[in-house]
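Data block below; observations after.
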Amino acid sequence: MYAKIIGGNRIEGEAVLQGSKNAVLPMIAASVLCRGEVRIEHCPAISDVRELLTVLSKTGAVCELKDGVLTIDASDAVPFSIDREQAKKTRGGVLFLGAFLGRFHEAGIAYPGGCVIGERPIDLHCAVLRKLHVVLTETSEGVYGKGRPVGERVELSYPSVGATENAVLAAVCAKGRTELLGAATEPEITELCRFLNKAGAVIHGIGTNYLVIDGVSELHGVTYRLSGDRIVAGTYMAAAAITGGEVVLRGAEDVCMDGILPVLQAAGTQIRREKDLLVVTGNDRVLAVPYIKTAPFPAFPTDMQSQILALLSMADGDSVVCETVFESRFAVVPELCKMGADILSEGQCAVVHGVRQLHGADVKAADLRGGAALLLAGLAAEGETKVYGYEYIARGYEDICGLLKRLGADIMRMEDS
C-alpha cells in the first residue's frame, strides 16, 4: 500500500483532531488490571490500537472499537505470552510486561518491534521491574517475569516514557508503596495516571518526575475520554506551514503543545488558540530555525523531528536539527534528498540547507513519523510523489489521506499492484 500525491495544493479547512495514540496504548495494557468494563472515548482507529487489541483478546478479554469508542472487559483474562510474531508488529506490546505482572504476577513477552528508529532496548524497563522485586529472565528471544511486584524506591537513570509506564503499571497493584524518581513527564503519562486513578489506583505527584504509588488489590471499570494527539496536531500544523495554507484543528482544548509550538512559530507559522481550536496559518516562505534539539518533555519531541526536517527543507536559510533520543531518526533524510532536499546528516545532527522547490519522487517510509514527513514533502513538491510503506503511517494516523484530501490535497491511498 502506498500514498500517491500530486503536490502544489494549499492545505486549508477544518479538521477534528484524533485521540492520542501514545496515551491510549498504555491504557489498553492497563485495562488488564481492571475488573469490569473499561470504556475509552475518542479512541483513534489506527493499526497500533488494533494490534494491541489482538494481543489483549488472546487473554480472553472482550474488546470492541466502534465509532471512536473502545470497550474492554478483561474481568476473566488469563495469562498469555506474547510471541515474536505479535511483538514485532507494535512497540506498544512491551507495556503488557508491567500490566501482566501487576495482574497475573507473571509475564512473557518477545522483544518488541514497531518502527526502525534505533535500538530502543528495554533494559530500563527490566531494571525498574527488578527493583520492584520481580524475577526477570532474559533470553535471546525475549523476557519472562514472575512474582508480585513489591513497592520500593526506584530511580530511573533516564526519563524513559516506556519504562515509566511499565513501572506505573506494575506498581498500581503492587504490595506497598512505590516511589518513582526521575519519571518521564510526557502528557501521555499524565493521562495514564489520571486514567488509573479514576479506575481506583492511588497515584500522587501526577505531572511531575516524582510519582508516589500506593498499591491496591485490583482496579475497577472506568470511562475515560482521550485528549487529542499532540504529534498528529503538530503534523497537520506542519502541513499548513509547508503549503502556505491555513488549518483549523478542532478538539485541541486539552492538547499540550509545549516544545512544538515555539519551533513552528520560529519557522514563520502563525498559531493562535481559541477555546478548543488551534488555528494555524502558513507563511509565504518557511523560515530557517538555527538550532533544534530533541529531548524528553517539555523539550521538542523526537516524534516531530522528521516532520520538521521536511518543513525546514523548504526554508529560507540553514537549520540544524540534533537528535538525542533515538539514534536512527535520520533514516528519512535520504528519501527527502530524493525529492531535492539538501540535508546532510552526520552522527546526532542534520544540517538542512533550504531549497526553493522539492520535486516528486518514489520514496519509502521506514517508520511512522518518517512516513508522515514524506507525505508533507509530497504536498509541497512539484509533480507526483509516491510514498511506499504506508503501513507505518497507518500505525499512528487515522485515515491521513482522507483527511488531507478533505483539506484540499490531491492525495490518494493506493493498493500495491
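Naming scheme: A, B, ... for chains in displayed order of the C-alpha cells; residues 1 onward per chain; ligands 1 onward as shown.
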How close does each residue of region 365-393 of chain A get to region 238-259 of chain A, giving the shortest atom pair and distance in Å to one decimal for every residue with an atom at most 7 Å away, counting only C-alpha atoms, sorted by chain and residue number, as CSV?
residue,atom,partner,partner_atom,distance
A:Leu376,CA,A:Ala239,CA,5.7
A:Leu379,CA,A:Thr243,CA,6.9
A:Ala380,CA,A:Thr243,CA,5.6
Keeping only N, CA, C and O atoms, take the residues you just selected and write them out as a PDB file, in the first residue's frame.
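Result file is result35.pdb:
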ATOM      1  N   LEU A 376       4.257  15.105   3.935  1.00  0.00           N
ATOM      2  CA  LEU A 376       4.348  16.573   3.963  1.00  0.00           C
ATOM      3  C   LEU A 376       5.170  17.088   2.784  1.00  0.00           C
ATOM      4  O   LEU A 376       4.789  18.058   2.122  1.00  0.00           O
ATOM      5  N   LEU A 379       3.216  16.960  -0.379  1.00  0.00           N
ATOM      6  CA  LEU A 379       2.203  18.014  -0.504  1.00  0.00           C
ATOM      7  C   LEU A 379       2.778  19.270  -1.143  1.00  0.00           C
ATOM      8  O   LEU A 379       2.078  19.981  -1.883  1.00  0.00           O
ATOM      9  N   ALA A 380       4.037  19.558  -0.826  1.00  0.00           N
ATOM     10  CA  ALA A 380       4.665  20.798  -1.301  1.00  0.00           C
ATOM     11  C   ALA A 380       5.470  20.601  -2.580  1.00  0.00           C
ATOM     12  O   ALA A 380       5.874  21.581  -3.211  1.00  0.00           O
TER      13      ALA A 380
END
Could you name the residues that touch region 135-144 of chain A at 7 Å or less, counting only C-alpha atoms, but leaving out those on the same chain fewer than 6 positions away, as a PyMOL selection string? chain A and resi 107-111
Output file for the residues above (C-alpha atoms, as a PDB file, in the first residue's frame):
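again32.pdb, freshly written:
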ATOM      1  CA  ALA A 107       4.543 -12.203  32.097  1.00  0.00           C
ATOM      2  CA  GLY A 108       6.286 -13.407  28.977  1.00  0.00           C
ATOM      3  CA  ILE A 109       6.994 -11.174  26.000  1.00  0.00           C
ATOM      4  CA  ALA A 110       9.218 -11.365  22.949  1.00  0.00           C
ATOM      5  CA  TYR A 111      11.352  -8.308  22.280  1.00  0.00           C
TER       6      TYR A 111
END
Given the choices A:Ala87, A:Val289, A:Ala30, A:Ile231, which gets closest to Val168 (chain A) if the distance is worked out from only C-alpha atoms?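 Of A:Ala87, A:Val289, A:Ala30, A:Ile231, the one nearest Val168 (chain A) is A:Ala30, counting only C-alpha atoms.
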Please report as a Markdown table every residue of region 104-167 of chain A lying within 12 Å of region 7-25 of chain A, along with the nearest atom pair and their distance in Å (one decimal), using only C-alpha atoms.
| residue | atom | partner | partner_atom | distance |
| --- | --- | --- | --- | --- |
| A:Val161 | CA | A:Asn22 | CA | 9.8 |
| A:Gly162 | CA | A:Asn22 | CA | 10.1 |
| A:Glu165 | CA | A:Ala23 | CA | 10.3 |
| A:Asn166 | CA | A:Leu25 | CA | 11.7 |
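Closest approach to Gln305 (chain A) among A:Met339, A:Leu70, A:Ile271, A:Leu264 is made by A:Leu264 (distances from only C-alpha atoms).
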Excluding Val263 (chain A) and residues on its chain fewer than 4 positions from it, collect all residues at most 12 Å away from it, counting only C-alpha atoms, and give them as a VMD selection string. chain A and resid 234 237 to 238 241 257 to 259 267 to 271 286 to 294 299 to 301 304 to 305 307 to 309 311 to 312 319 321
Could you pull out the alpha helix (DSSP H) residues of region 3-77 of chain A from DSSP and send them as a VMD selection string? chain A and resid 21 to 30 47 to 57
